[in-house]
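To keep things clear, I will list the structure first and then write my remarks on it.
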Amino acid sequence: MKESGKKIVTILLAGMMLPAALSVMFAGGQKEAAPAGPAAVAGEIRRGGTISVAVASPVMMLDPHKVKGEEAYNATFHIFSALTRITRDFGAEPELADRWEHSADAKTWTFYINQNAYFTNGRQVTAEDVKFSLERVLDKEVSPRGWNAIGPIDRIKVKDKFTVVIELTKTYLDLPVDLGGVYPRIVARENIDQIDTNPIGSGPFKLKKWDPSGVTVLERNDRYFMMGEDGQPLPYIDEYRIVPIKENLSQLAALKSGDIDLVYRVSYDLLSQALLDKKIVIQGTPTLGYQPIVLNLDPKIYDGQNAAERRIFRNDKLRQAFSYIINRKAALQIALSGYGIIGNDQPIPPFHVYGNPNEKQKTQDIELAKKLLAEAGVAPGTHFKMYTSPGRPGMMELAVAFKQMAKEAGIVIDLEVIDISRYWADIEFKEPLMTSNWGGRQTVNACIKPYYHSEGGKNESHYSDPALDKILEQAEGEADFNKRKELYWKAMEMVSEASVTIIPYFKNHYMALSQSVRGVD
C-alpha cells in the first residue's frame with residue numbers, strides 16, 4: 001500500500017494469506033530465524049490500496065486442483081476458500097466450515113458450511129459444491145498431486161444443503177488440517193469449464209486480470225464472509241498484484257524503487273545486502289522445506305532412448321554412492337549461505353515433533369562412494385546429466401556444488417539449466433537426475449506419504465517399496481502418538497537408506513517487504 005505523506009500500516013493477517021508462515025522480523029546476522037508469533041504491528045488498521053508481490057515466474061494456471069508452483073499458489077489461495085484454514089501451530093480453524101465433529105473412532109467427519117459464504121457469482125456455497133470439489137481432487141487424473149494428500153477419504157455424502165459427511169477408510173485425526181491445504185479448494189461446479197480463465201471462488205479476492213506471461217491481478221471480493229480484526233469483512237486491501245520478475249536482484253531493485261511491496265522469496269546470497277538497506281524489512285522462519293537431488297527410478301523414455309541407461313538409478317549401490325559423494329555442510333553453505341540446517345536424506349527435520357533422534361547422520365565419504373560406483377559398474381569418467389533451475393534460490397547452487405563434489409569421486413555431472421516457468425512441466429517426474437524444491441507440508445503424513453508411497457502424487461523418484469507403503473498406511477491411521485512416532489521413525493530410516501532423494505539440508509525462508517507493509521502471516 002502506498003500513500004504519500006501518511007503513516008500506513010497494512011494489516012494482512014488472515015486477510016491476505018500467503019502460502020507460508022512468515023511472521024518473524026529478521027534482526028542482525030544470525031542464520032537461524034526462530035519461529036514466533038505475528039510481527040508486532042503499531043498503529044491503526046488501514047483499509048484499501050494495493051499490494052504487489054514479486055515472484056519468479058508468471059501464474060501459469062488457476063485451477064486449484066491442478067495447480068503447481070508457488071507463483072500459482074499465490075493466486076489460488078486467494079481466489080478459492082477451503083473448508084478450513086491452517087493455523088500457525090499447524091492446527092485447523094474455520095473457513096467455509098464454521099464447525100465440524102467426528103465419530104468416536106474418527107472415521108466419520110461432519111462439516112457444517114457457513115451459510116454466509118457466497119461465490120463471486122452470487123450463489124451460496126453448499127454441501128454439493130464441497131462434495132463436487134473434493135471428489136474432483138480425489139480423481140488422480142484431474143489432481144495428480146492432490147488426490148492422496150487430503151486424507152484417507154472413502155466417501156463424501158451430502159446430508160443437507162449445508163452439511164457434508166466425509167467417511168474415511170481408517171481412523172484419521174488430521175483431516176481438518178489436510179482440508180486447509182493447497183488442493184482441496186472449493187469451486188463452483190457450474191464454472192468448471194472456465195476455471196482456468198474465469199474462475200469463480202469464494203475467497204477474499206476475485207480475478208481481475210490474468211496474463212499467463214505477465215502480471216496477474218486480483219481484486220477485493222466484497223462478498224467474502226470472514227471478518228477482520230476491526231470487525232469489518234476481509235480483505236483489508238483492494239487489490240493484490242502478482243508480478244513475475246525472474247531475477248532476484250531485480251526483484252529487490254523493484255522493492256527499493258517502490259514498484260513492488262513484497263518479494264516472496266529472497267535468495268540467500270542477497271540477504272546480507274538486503275539487511276543493510278533501511279528501506280527493506282526482512283522476515284524469516286525455519287521451515288520444513290528442502291531441496292533434494294532426485295534420483296528417478298522410472299523416468300520417461302523418449303523415442304530413440306535406451307531404457308536401461310535412463311533407468312540407471314534403479315541400481316541401489318549407485319544411489320548410495322551419490323549419497324556419500326555430497327558434503328552436506330558444504331552444500332548448505334554454498335546453496336543457502338548457511339541459512340538452514342543439515343538434512344539426512346529424509347523429509348522430517350530434527351526440530352520437528354516427529355524428528356528422529358536415532359538416525360545416524362550421513363557424511364561425505366569419497367572412498368566409499370568410489371567403491372560403490374565400481375560395484376555398480378560405473379566407470380571413472382562416466383557422465384550424468386543433471387537438470388536444475390535458478391528459479392528457486394539454492395536449487396542451481398546445489399547442483400553446481402554437487403558437480404564439483406562428484407569430480408572427487410571420478411564422475412562428471414553435466415548441468416542442464418532450465419527456466420522455472422517450464423521446469424515443473426517439462427523436467428519433474430520425467431528426467432533421471434534433477435534438483436527439486438519442496439516446501440513444508442501441514443502434517444507429518446503430508447510430509448512423507450505423497451513423496452515416498454508407491455502411489456504418492458509427489459513421488460518424484462517413482463520409488464516403490466511395499467514394506468514402506470504398509471508402514472505409512474499404518475502410521476496414517478494410528479491415533480496413539482508414541483506408536484505413530486515409532487512408525488514414522490522407521491519410515492524415515494527406510495527413506496534415508498533408500499537414497500532416492502538426497503536431502504542435504506532444510507532451508508529457512510526469507511521474505512522482503514517495504515516498510516509500509518506489516519502483519520504478513
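As shown in the C-alpha cells, the chain order sets the letters A, B, ...; within each chain, residues go from 1, and ligands are also counted from 1 in the order they appear.
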Enumerate, in order of chain and increasing residue number, the residues of range 397-477 of chain A with an atom no farther than 12 Å from range 81-103 of chain A, each with its shortest atom pair and distance in Å to one decimal, counting only C-alpha atoms, as a tab-separated table.
residue	atom	partner	partner_atom	distance
A:Gly440	CA	A:Phe90	CA	11.0
A:Arg441	CA	A:Phe90	CA	9.2
A:Gln442	CA	A:Phe90	CA	5.9
A:Thr443	CA	A:Phe90	CA	7.3
A:Val444	CA	A:Phe90	CA	10.3
A:Ala446	CA	A:Phe90	CA	11.8
Go ahead and write the selection's residues with N, CA, C and O atoms as an mmCIF file, in the first residue's frame.
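Saved as selection24.cif:
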data_model
loop_
_atom_site.group_PDB
_atom_site.id
_atom_site.type_symbol
_atom_site.label_atom_id
_atom_site.label_comp_id
_atom_site.auth_asym_id
_atom_site.auth_seq_id
_atom_site.Cartn_x
_atom_site.Cartn_y
_atom_site.Cartn_z
ATOM 1 N N GLY A 440 7.468 -27.073 3.152
ATOM 2 C CA GLY A 440 6.927 -27.936 4.189
ATOM 3 C C GLY A 440 5.439 -28.168 3.981
ATOM 4 O O GLY A 440 4.749 -27.384 3.346
ATOM 5 N N ARG A 441 4.934 -29.251 4.531
ATOM 6 C CA ARG A 441 3.512 -29.557 4.474
ATOM 7 C C ARG A 441 2.946 -29.579 5.890
ATOM 8 O O ARG A 441 3.672 -29.639 6.870
ATOM 9 N N GLN A 442 1.615 -29.578 5.973
ATOM 10 C CA GLN A 442 0.949 -29.253 7.224
ATOM 11 C C GLN A 442 0.967 -30.373 8.259
ATOM 12 O O GLN A 442 0.821 -30.115 9.451
ATOM 13 N N THR A 443 1.111 -31.623 7.856
ATOM 14 C CA THR A 443 1.142 -32.735 8.797
ATOM 15 C C THR A 443 2.322 -33.637 8.460
ATOM 16 O O THR A 443 2.850 -33.602 7.351
ATOM 17 N N VAL A 444 2.698 -34.473 9.427
ATOM 18 C CA VAL A 444 3.810 -35.390 9.169
ATOM 19 C C VAL A 444 3.437 -36.349 8.040
ATOM 20 O O VAL A 444 4.281 -36.713 7.199
ATOM 21 N N ALA A 446 1.504 -35.688 5.485
ATOM 22 C CA ALA A 446 1.609 -34.953 4.223
ATOM 23 C C ALA A 446 3.055 -34.706 3.830
ATOM 24 O O ALA A 446 3.347 -34.484 2.647
#
Would you list, as a PyMOL selection string, the residues of range 247-328 of chain A that end up in helix (DSSP H, G or I) under DSSP run on this structure's backbone? chain A and resi 248-257+268-275+307-310+312-314+316-325+328
Please save N, CA, C and O atoms of the selected residues as a compact mmCIF listing (two decimals), in the first residue's frame.
# COMPACT_ATOMS: atom_id res chain seq x y z
N ASN A 248 16.25 -12.41 -8.86
CA ASN A 248 16.01 -11.96 -7.51
C ASN A 248 16.59 -10.58 -7.25
O ASN A 248 16.01 -9.77 -6.52
N LEU A 249 17.73 -10.27 -7.87
CA LEU A 249 18.33 -8.94 -7.72
C LEU A 249 17.39 -7.87 -8.29
O LEU A 249 17.23 -6.79 -7.70
N SER A 250 16.74 -8.18 -9.40
CA SER A 250 15.79 -7.25 -9.99
C SER A 250 14.54 -7.10 -9.12
O SER A 250 13.95 -6.02 -9.05
N GLN A 251 14.16 -8.17 -8.44
CA GLN A 251 13.03 -8.09 -7.51
C GLN A 251 13.34 -7.11 -6.38
O GLN A 251 12.51 -6.26 -6.03
N LEU A 252 14.55 -7.23 -5.82
CA LEU A 252 14.92 -6.32 -4.73
C LEU A 252 15.03 -4.88 -5.22
O LEU A 252 14.67 -3.94 -4.50
N ALA A 253 15.52 -4.69 -6.45
CA ALA A 253 15.59 -3.34 -7.01
C ALA A 253 14.20 -2.74 -7.15
O ALA A 253 13.98 -1.55 -6.87
N ALA A 254 13.24 -3.57 -7.57
CA ALA A 254 11.86 -3.10 -7.70
C ALA A 254 11.26 -2.77 -6.34
O ALA A 254 10.47 -1.82 -6.20
N LEU A 255 11.65 -3.53 -5.32
CA LEU A 255 11.19 -3.24 -3.96
C LEU A 255 11.75 -1.91 -3.47
O LEU A 255 11.03 -1.08 -2.90
N LYS A 256 13.03 -1.68 -3.72
CA LYS A 256 13.65 -0.43 -3.29
C LYS A 256 13.04 0.78 -3.99
O LYS A 256 12.89 1.86 -3.40
N SER A 257 12.67 0.61 -5.26
CA SER A 257 12.13 1.73 -6.03
C SER A 257 10.66 2.00 -5.71
O SER A 257 10.12 3.03 -6.10
N TYR A 268 19.42 -16.44 -0.95
CA TYR A 268 20.26 -16.43 0.24
C TYR A 268 21.51 -15.58 0.07
O TYR A 268 22.00 -14.97 1.03
N ASP A 269 22.01 -15.50 -1.16
CA ASP A 269 23.23 -14.73 -1.38
C ASP A 269 22.99 -13.23 -1.32
O ASP A 269 23.94 -12.45 -1.23
N LEU A 270 21.70 -12.82 -1.35
CA LEU A 270 21.38 -11.39 -1.30
C LEU A 270 20.90 -10.93 0.07
O LEU A 270 20.62 -9.74 0.26
N LEU A 271 20.81 -11.86 1.01
CA LEU A 271 20.27 -11.49 2.32
C LEU A 271 21.12 -10.44 3.03
O LEU A 271 20.60 -9.47 3.59
N SER A 272 22.43 -10.63 3.01
CA SER A 272 23.31 -9.68 3.70
C SER A 272 23.16 -8.28 3.13
O SER A 272 23.11 -7.28 3.86
N GLN A 273 23.08 -8.20 1.81
CA GLN A 273 22.89 -6.92 1.15
C GLN A 273 21.54 -6.30 1.52
O GLN A 273 21.45 -5.11 1.83
N ALA A 274 20.49 -7.11 1.52
CA ALA A 274 19.15 -6.61 1.82
C ALA A 274 19.05 -6.12 3.26
O ALA A 274 18.36 -5.13 3.55
N LEU A 275 19.75 -6.79 4.17
CA LEU A 275 19.68 -6.41 5.58
C LEU A 275 20.27 -5.03 5.85
O LEU A 275 19.94 -4.37 6.84
N ALA A 307 16.39 -47.50 -22.61
CA ALA A 307 15.63 -47.59 -21.37
C ALA A 307 16.53 -47.93 -20.18
O ALA A 307 16.39 -47.37 -19.09
N ALA A 308 17.48 -48.82 -20.37
CA ALA A 308 18.36 -49.23 -19.28
C ALA A 308 19.21 -48.05 -18.81
O ALA A 308 19.43 -47.87 -17.60
N GLU A 309 19.71 -47.25 -19.75
CA GLU A 309 20.51 -46.09 -19.38
C GLU A 309 19.67 -45.05 -18.66
O GLU A 309 20.15 -44.40 -17.72
N ARG A 310 18.44 -44.86 -19.09
CA ARG A 310 17.56 -43.89 -18.44
C ARG A 310 17.18 -44.33 -17.02
O ARG A 310 16.97 -43.50 -16.14
N ILE A 312 19.01 -45.93 -14.84
CA ILE A 312 20.25 -46.31 -14.17
C ILE A 312 20.16 -46.21 -12.65
O ILE A 312 20.83 -46.94 -11.92
N PHE A 313 19.28 -45.33 -12.16
CA PHE A 313 19.22 -45.14 -10.70
C PHE A 313 18.38 -46.21 -10.00
O PHE A 313 18.17 -46.12 -8.79
N ARG A 314 17.96 -47.22 -10.73
CA ARG A 314 17.38 -48.38 -10.08
C ARG A 314 18.46 -49.19 -9.37
O ARG A 314 18.15 -50.08 -8.56
N ASP A 316 20.80 -49.78 -6.58
CA ASP A 316 20.88 -49.32 -5.19
C ASP A 316 22.26 -48.77 -4.85
O ASP A 316 22.37 -47.74 -4.15
N LYS A 317 23.30 -49.42 -5.32
CA LYS A 317 24.66 -49.00 -4.96
C LYS A 317 25.02 -47.67 -5.61
O LYS A 317 25.77 -46.89 -5.02
N LEU A 318 24.48 -47.41 -6.79
CA LEU A 318 24.73 -46.11 -7.42
C LEU A 318 24.09 -44.99 -6.61
O LEU A 318 24.71 -43.96 -6.37
N ARG A 319 22.86 -45.22 -6.15
CA ARG A 319 22.20 -44.19 -5.33
C ARG A 319 22.95 -43.97 -4.02
O ARG A 319 23.14 -42.83 -3.57
N GLN A 320 23.39 -45.05 -3.42
CA GLN A 320 24.15 -44.91 -2.17
C GLN A 320 25.46 -44.17 -2.41
O GLN A 320 25.87 -43.34 -1.59
N ALA A 321 26.09 -44.44 -3.54
CA ALA A 321 27.33 -43.72 -3.88
C ALA A 321 27.08 -42.22 -3.95
O ALA A 321 27.86 -41.42 -3.41
N PHE A 322 26.01 -41.82 -4.61
CA PHE A 322 25.67 -40.40 -4.71
C PHE A 322 25.45 -39.78 -3.33
O PHE A 322 25.82 -38.64 -3.08
N SER A 323 24.85 -40.57 -2.42
CA SER A 323 24.58 -40.03 -1.09
C SER A 323 25.86 -39.82 -0.29
O SER A 323 25.89 -38.99 0.63
N TYR A 324 26.93 -40.56 -0.65
CA TYR A 324 28.21 -40.38 0.04
C TYR A 324 29.12 -39.38 -0.67
O TYR A 324 30.13 -38.96 -0.10
N ILE A 325 28.77 -39.02 -1.88
CA ILE A 325 29.56 -38.01 -2.59
C ILE A 325 29.34 -36.63 -1.98
O ILE A 325 30.27 -35.83 -1.87
N ARG A 328 27.36 -32.42 3.03
CA ARG A 328 26.16 -31.69 3.40
C ARG A 328 26.44 -30.31 3.99
O ARG A 328 25.73 -29.34 3.72
What does the distance from CA of Pro286 in chain A to CA of Gln515 in chain A come to in Å, to one decimal?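 CA of Gln515 in chain A lies at a distance of 22.4 Å from CA of Pro286 in chain A.
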Tell me, as a PyMOL selection string, which residues lie within 7 Å of range 287-291 of chain A, counting only C-alpha atoms; anything in the same chain fewer than 3 positions away does not count. chain A and resi 348-349+395+435-440+503+505-509
Residue subset to file, keeping all heavy atoms, as a CSV table (one decimal), in the first residue's frame:
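The result, stored in selection_6.csv:
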chain,number,residue,atom,x,y,z
A,348,ILE,N,11.9,-35.1,7.3
A,348,ILE,CA,11.5,-34.5,8.5
A,348,ILE,C,12.7,-34.0,9.3
A,348,ILE,O,13.6,-34.8,9.6
A,348,ILE,CB,10.8,-35.6,9.4
A,348,ILE,CG1,9.5,-36.1,8.6
A,348,ILE,CG2,10.3,-35.0,10.7
A,348,ILE,CD1,8.5,-35.1,8.3
A,349,PRO,N,12.8,-32.7,9.6
A,349,PRO,CA,14.0,-32.2,10.3
A,349,PRO,C,14.0,-32.5,11.7
A,349,PRO,O,13.0,-32.9,12.3
A,349,PRO,CB,13.8,-30.7,10.1
A,349,PRO,CG,12.3,-30.5,10.0
A,349,PRO,CD,11.8,-31.7,9.3
A,395,MET,N,18.6,-23.8,-5.5
A,395,MET,CA,18.5,-25.0,-6.4
A,395,MET,C,19.6,-25.2,-7.3
A,395,MET,O,20.2,-26.3,-7.4
A,395,MET,CB,17.1,-25.0,-7.1
A,395,MET,CG,16.3,-26.2,-7.1
A,395,MET,SD,14.7,-26.0,-7.7
A,395,MET,CE,14.9,-26.4,-9.4
A,435,THR,N,17.6,-31.5,-9.6
A,435,THR,CA,17.4,-30.9,-8.3
A,435,THR,C,15.9,-30.4,-8.2
A,435,THR,O,15.4,-30.0,-9.2
A,435,THR,CB,18.3,-29.7,-8.0
A,435,THR,OG1,18.1,-28.7,-9.0
A,435,THR,CG2,19.8,-30.1,-8.0
A,436,SER,N,15.4,-30.4,-7.0
A,436,SER,CA,14.0,-30.0,-6.9
A,436,SER,C,13.8,-29.1,-5.7
A,436,SER,O,14.8,-28.7,-5.1
A,436,SER,CB,13.1,-31.2,-6.7
A,436,SER,OG,11.7,-30.9,-6.8
A,437,ASN,N,12.6,-28.7,-5.4
A,437,ASN,CA,12.4,-27.7,-4.4
A,437,ASN,C,11.0,-28.0,-3.7
A,437,ASN,O,10.0,-27.9,-4.4
A,437,ASN,CB,12.4,-26.3,-4.9
A,437,ASN,CG,12.3,-25.2,-3.9
A,437,ASN,OD1,13.2,-24.8,-3.3
A,437,ASN,ND2,11.0,-24.7,-3.7
A,438,TRP,N,11.0,-28.3,-2.4
A,438,TRP,CA,9.8,-28.6,-1.8
A,438,TRP,C,9.6,-27.8,-0.5
A,438,TRP,O,10.6,-27.6,0.3
A,438,TRP,CB,9.7,-30.1,-1.4
A,438,TRP,CG,9.4,-30.9,-2.6
A,438,TRP,CD1,10.3,-31.8,-3.2
A,438,TRP,CD2,8.2,-31.0,-3.3
A,438,TRP,NE1,9.7,-32.4,-4.3
A,438,TRP,CE2,8.4,-31.9,-4.4
A,438,TRP,CE3,6.9,-30.4,-3.2
A,438,TRP,CZ2,7.4,-32.2,-5.3
A,438,TRP,CZ3,5.9,-30.7,-4.1
A,438,TRP,CH2,6.2,-31.6,-5.1
A,439,GLY,N,8.5,-27.2,-0.3
A,439,GLY,CA,8.1,-26.5,0.9
A,439,GLY,C,7.6,-27.5,1.9
A,439,GLY,O,7.3,-28.7,1.6
A,440,GLY,N,7.5,-27.1,3.2
A,440,GLY,CA,6.9,-27.9,4.2
A,440,GLY,C,5.4,-28.2,4.0
A,440,GLY,O,4.7,-27.4,3.3
A,503,ILE,N,18.7,-35.4,0.4
A,503,ILE,CA,18.3,-34.1,1.1
A,503,ILE,C,19.4,-33.6,2.0
A,503,ILE,O,19.6,-34.1,3.1
A,503,ILE,CB,17.0,-34.4,1.9
A,503,ILE,CG1,15.9,-34.9,1.0
A,503,ILE,CG2,16.5,-33.1,2.6
A,503,ILE,CD1,14.6,-35.3,1.7
A,505,TYR,N,19.9,-30.6,3.2
A,505,TYR,CA,19.6,-29.5,4.2
A,505,TYR,C,18.1,-29.2,4.2
A,505,TYR,O,17.4,-29.5,3.3
A,505,TYR,CB,20.4,-28.3,3.9
A,505,TYR,CG,20.3,-27.8,2.4
A,505,TYR,CD1,19.1,-27.2,1.9
A,505,TYR,CD2,21.4,-27.9,1.6
A,505,TYR,CE1,19.1,-26.8,0.6
A,505,TYR,CE2,21.3,-27.5,0.3
A,505,TYR,CZ,20.1,-26.9,-0.2
A,505,TYR,OH,20.1,-26.5,-1.5
A,506,PHE,N,17.7,-28.6,5.3
A,506,PHE,CA,16.4,-27.9,5.4
A,506,PHE,C,16.6,-26.4,5.3
A,506,PHE,O,17.5,-25.9,6.0
A,506,PHE,CB,15.7,-28.3,6.6
A,506,PHE,CG,15.3,-29.8,6.6
A,506,PHE,CD1,16.2,-30.7,7.2
A,506,PHE,CD2,14.1,-30.2,6.1
A,506,PHE,CE1,15.9,-32.1,7.1
A,506,PHE,CE2,13.8,-31.6,6.1
A,506,PHE,CZ,14.7,-32.5,6.6
A,507,LYS,N,15.8,-25.7,4.6
A,507,LYS,CA,16.1,-24.3,4.3
A,507,LYS,C,15.2,-23.4,5.1
A,507,LYS,O,14.0,-23.6,5.3
A,507,LYS,CB,15.9,-24.0,2.8
A,507,LYS,CG,14.6,-24.4,2.2
A,507,LYS,CD,14.7,-24.4,0.7
A,507,LYS,CE,13.4,-24.9,0.0
A,507,LYS,NZ,12.3,-24.0,0.1
A,508,ASN,N,15.8,-22.3,5.5
A,508,ASN,CA,14.9,-21.2,6.0
A,508,ASN,C,14.3,-20.4,4.9
A,508,ASN,O,14.8,-20.5,3.7
A,508,ASN,CB,15.8,-20.2,6.8
A,508,ASN,CG,16.4,-20.8,8.1
A,508,ASN,OD1,16.0,-21.9,8.5
A,508,ASN,ND2,17.4,-20.1,8.6
A,509,HIS,N,13.2,-19.7,5.1
A,509,HIS,CA,12.5,-19.0,4.1
A,509,HIS,C,12.6,-17.5,4.5
A,509,HIS,O,12.2,-17.1,5.6
A,509,HIS,CB,11.1,-19.4,4.0
A,509,HIS,CG,10.3,-18.7,2.9
A,509,HIS,ND1,9.8,-19.4,1.8
A,509,HIS,CD2,10.0,-17.4,2.6
A,509,HIS,CE1,9.2,-18.5,1.0
A,509,HIS,NE2,9.3,-17.3,1.5
Please report, as a compact mmCIF listing (two decimals) with N, CA and C atoms, in the first residue's frame, each residue of range 106-329 of chain A to which DSSP assigns strand (DSSP E or B) when run on this structure's backbone.
# COMPACT_ATOMS: atom_id res chain seq x y z
N THR A 108 -15.61 -40.98 10.71
CA THR A 108 -16.70 -40.24 10.08
C THR A 108 -16.67 -38.81 10.58
N TRP A 109 -16.58 -37.86 9.65
CA TRP A 109 -16.45 -36.45 9.98
C TRP A 109 -17.63 -35.69 9.36
N THR A 110 -18.18 -34.79 10.14
CA THR A 110 -19.30 -33.96 9.66
C THR A 110 -18.88 -32.49 9.70
N PHE A 111 -19.01 -31.81 8.55
CA PHE A 111 -18.65 -30.41 8.43
C PHE A 111 -19.90 -29.59 8.13
N TYR A 112 -20.06 -28.48 8.86
CA TYR A 112 -21.22 -27.61 8.71
C TYR A 112 -20.79 -26.33 8.00
N ILE A 113 -21.38 -26.08 6.83
CA ILE A 113 -20.96 -24.98 5.98
C ILE A 113 -21.51 -23.66 6.49
N TYR A 118 -20.59 -17.10 0.04
CA TYR A 118 -21.12 -16.99 -1.32
C TYR A 118 -19.96 -17.02 -2.33
N GLN A 124 -24.88 -19.14 -3.12
CA GLN A 124 -24.37 -19.66 -1.86
C GLN A 124 -23.49 -20.89 -2.09
N ILE A 153 -9.87 -40.67 2.38
CA ILE A 153 -11.31 -40.49 2.19
C ILE A 153 -11.89 -41.66 1.38
N ASP A 154 -12.98 -42.21 1.89
CA ASP A 154 -13.67 -43.31 1.21
C ASP A 154 -14.90 -42.80 0.46
N ARG A 155 -15.69 -41.95 1.12
CA ARG A 155 -16.93 -41.49 0.51
C ARG A 155 -17.32 -40.13 1.08
N ILE A 156 -17.93 -39.30 0.25
CA ILE A 156 -18.40 -37.98 0.65
C ILE A 156 -19.91 -37.94 0.41
N LYS A 157 -20.65 -37.58 1.45
CA LYS A 157 -22.12 -37.57 1.35
C LYS A 157 -22.67 -36.20 1.73
N VAL A 158 -23.71 -35.79 1.02
CA VAL A 158 -24.43 -34.56 1.35
C VAL A 158 -25.57 -34.91 2.29
N LYS A 159 -25.51 -34.40 3.51
CA LYS A 159 -26.57 -34.68 4.48
C LYS A 159 -27.74 -33.73 4.28
N ASP A 160 -27.43 -32.46 4.09
CA ASP A 160 -28.42 -31.46 3.72
C ASP A 160 -27.69 -30.34 3.01
N THR A 163 -24.58 -29.28 5.05
CA THR A 163 -23.89 -30.27 5.87
C THR A 163 -23.32 -31.37 4.98
N VAL A 164 -22.03 -31.62 5.13
CA VAL A 164 -21.38 -32.67 4.35
C VAL A 164 -20.73 -33.66 5.30
N VAL A 165 -20.86 -34.94 4.99
CA VAL A 165 -20.30 -36.01 5.81
C VAL A 165 -19.19 -36.70 5.01
N ILE A 166 -18.02 -36.82 5.61
CA ILE A 166 -16.88 -37.46 4.95
C ILE A 166 -16.54 -38.74 5.71
N GLU A 167 -16.65 -39.85 5.01
CA GLU A 167 -16.34 -41.15 5.61
C GLU A 167 -14.94 -41.58 5.17
N LEU A 168 -14.14 -42.04 6.13
CA LEU A 168 -12.75 -42.42 5.88
C LEU A 168 -12.60 -43.94 5.91
N ARG A 185 -9.46 -26.88 -2.46
CA ARG A 185 -10.19 -25.62 -2.58
C ARG A 185 -11.58 -25.89 -3.16
N PHE A 205 -10.48 -12.70 -2.55
CA PHE A 205 -10.26 -11.95 -3.78
C PHE A 205 -10.89 -12.67 -4.96
N LYS A 206 -11.13 -11.92 -6.02
CA LYS A 206 -11.59 -12.49 -7.28
C LYS A 206 -10.66 -12.02 -8.39
N LEU A 207 -10.68 -12.76 -9.48
CA LEU A 207 -9.76 -12.47 -10.58
C LEU A 207 -10.18 -11.21 -11.31
N LYS A 208 -9.23 -10.31 -11.48
CA LYS A 208 -9.45 -9.11 -12.28
C LYS A 208 -8.75 -9.23 -13.63
N LYS A 209 -7.53 -9.77 -13.61
CA LYS A 209 -6.75 -9.91 -14.83
C LYS A 209 -5.79 -11.08 -14.68
N THR A 216 -0.60 -10.97 -12.94
CA THR A 216 -1.95 -11.40 -12.56
C THR A 216 -2.46 -10.47 -11.46
N VAL A 217 -3.70 -9.99 -11.62
CA VAL A 217 -4.27 -9.02 -10.69
C VAL A 217 -5.55 -9.59 -10.08
N LEU A 218 -5.61 -9.59 -8.76
CA LEU A 218 -6.81 -9.97 -8.04
C LEU A 218 -7.40 -8.74 -7.37
N GLU A 219 -8.73 -8.67 -7.28
CA GLU A 219 -9.37 -7.55 -6.62
C GLU A 219 -10.27 -8.04 -5.50
N ARG A 220 -10.55 -7.16 -4.59
CA ARG A 220 -11.32 -7.47 -3.40
C ARG A 220 -12.66 -8.12 -3.76
N MET A 227 -14.37 -12.05 8.89
CA MET A 227 -14.20 -10.71 9.44
C MET A 227 -12.75 -10.45 9.85
N PRO A 233 -15.65 -6.88 7.19
CA PRO A 233 -15.30 -8.01 6.32
C PRO A 233 -13.90 -7.89 5.74
N GLU A 239 -6.62 -4.59 -3.81
CA GLU A 239 -6.06 -5.24 -4.98
C GLU A 239 -4.76 -5.95 -4.62
N TYR A 240 -4.56 -7.09 -5.23
CA TYR A 240 -3.39 -7.92 -4.98
C TYR A 240 -2.77 -8.28 -6.32
N ARG A 241 -1.57 -7.78 -6.59
CA ARG A 241 -0.90 -7.97 -7.87
C ARG A 241 0.24 -8.98 -7.70
N ILE A 242 0.28 -9.99 -8.59
CA ILE A 242 1.34 -10.99 -8.59
C ILE A 242 2.21 -10.71 -9.81
N VAL A 243 3.43 -10.24 -9.54
CA VAL A 243 4.27 -9.67 -10.60
C VAL A 243 5.47 -10.58 -10.84
N PRO A 244 5.59 -11.16 -12.04
CA PRO A 244 6.75 -12.02 -12.32
C PRO A 244 8.00 -11.20 -12.65
N LEU A 262 6.52 -6.38 -1.89
CA LEU A 262 6.91 -7.59 -1.19
C LEU A 262 7.60 -8.54 -2.17
N VAL A 263 8.74 -9.06 -1.75
CA VAL A 263 9.44 -10.12 -2.51
C VAL A 263 9.17 -11.42 -1.76
N ILE A 280 14.12 -1.74 3.55
CA ILE A 280 13.64 -3.11 3.41
C ILE A 280 13.55 -3.78 4.79
N VAL A 281 12.48 -4.50 5.00
CA VAL A 281 12.32 -5.34 6.18
C VAL A 281 12.40 -6.80 5.74
N ILE A 282 13.26 -7.58 6.40
CA ILE A 282 13.39 -9.00 6.09
C ILE A 282 12.68 -9.81 7.17
N GLN A 283 11.81 -10.70 6.76
CA GLN A 283 11.16 -11.63 7.68
C GLN A 283 11.56 -13.04 7.30
N GLY A 284 11.75 -13.88 8.31
CA GLY A 284 12.19 -15.23 8.00
C GLY A 284 11.75 -16.23 9.04
N THR A 285 11.82 -17.48 8.66
CA THR A 285 11.47 -18.56 9.57
C THR A 285 12.15 -19.85 9.13
N PRO A 286 12.50 -20.73 10.07
CA PRO A 286 12.88 -22.08 9.68
C PRO A 286 11.68 -22.75 9.04
N THR A 287 11.90 -23.68 8.14
CA THR A 287 10.79 -24.37 7.50
C THR A 287 11.08 -25.86 7.40
N LEU A 288 10.06 -26.58 7.01
CA LEU A 288 10.23 -27.99 6.69
C LEU A 288 10.63 -28.17 5.23
N GLY A 289 10.89 -27.05 4.54
CA GLY A 289 11.25 -27.11 3.13
C GLY A 289 12.68 -27.59 2.92
N TYR A 290 12.91 -28.18 1.76
CA TYR A 290 14.23 -28.71 1.44
C TYR A 290 14.40 -28.75 -0.07
N ILE A 293 18.21 -33.66 -4.28
CA ILE A 293 18.68 -34.19 -5.57
C ILE A 293 17.86 -35.45 -5.79
N VAL A 294 17.07 -35.45 -6.84
CA VAL A 294 16.12 -36.55 -7.09
C VAL A 294 16.76 -37.57 -8.03
N LEU A 295 16.78 -38.82 -7.62
CA LEU A 295 17.27 -39.94 -8.42
C LEU A 295 16.05 -40.74 -8.86
Have a look at A:Lys161, A:Lys278, A:Lys107, A:His65 and name the one nearest to Leu138 in chain A; count only C-alpha atoms. A:His65
My list of candidates is A:Lys170, A:Lys407, A:Lys470, A:Arg189. Which is closest to Ala106 in chain A when distances are computed with only C-alpha atoms?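 Of A:Lys170, A:Lys407, A:Lys470, A:Arg189, the one nearest Ala106 in chain A is A:Lys170, counting only C-alpha atoms.
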Please determine, counting only C-alpha atoms, which residue among A:Gly519, A:Gln333, A:Ala54, A:Glu431 has the shortest atom-to-atom distance to Tyr302 in chain A. A:Glu431
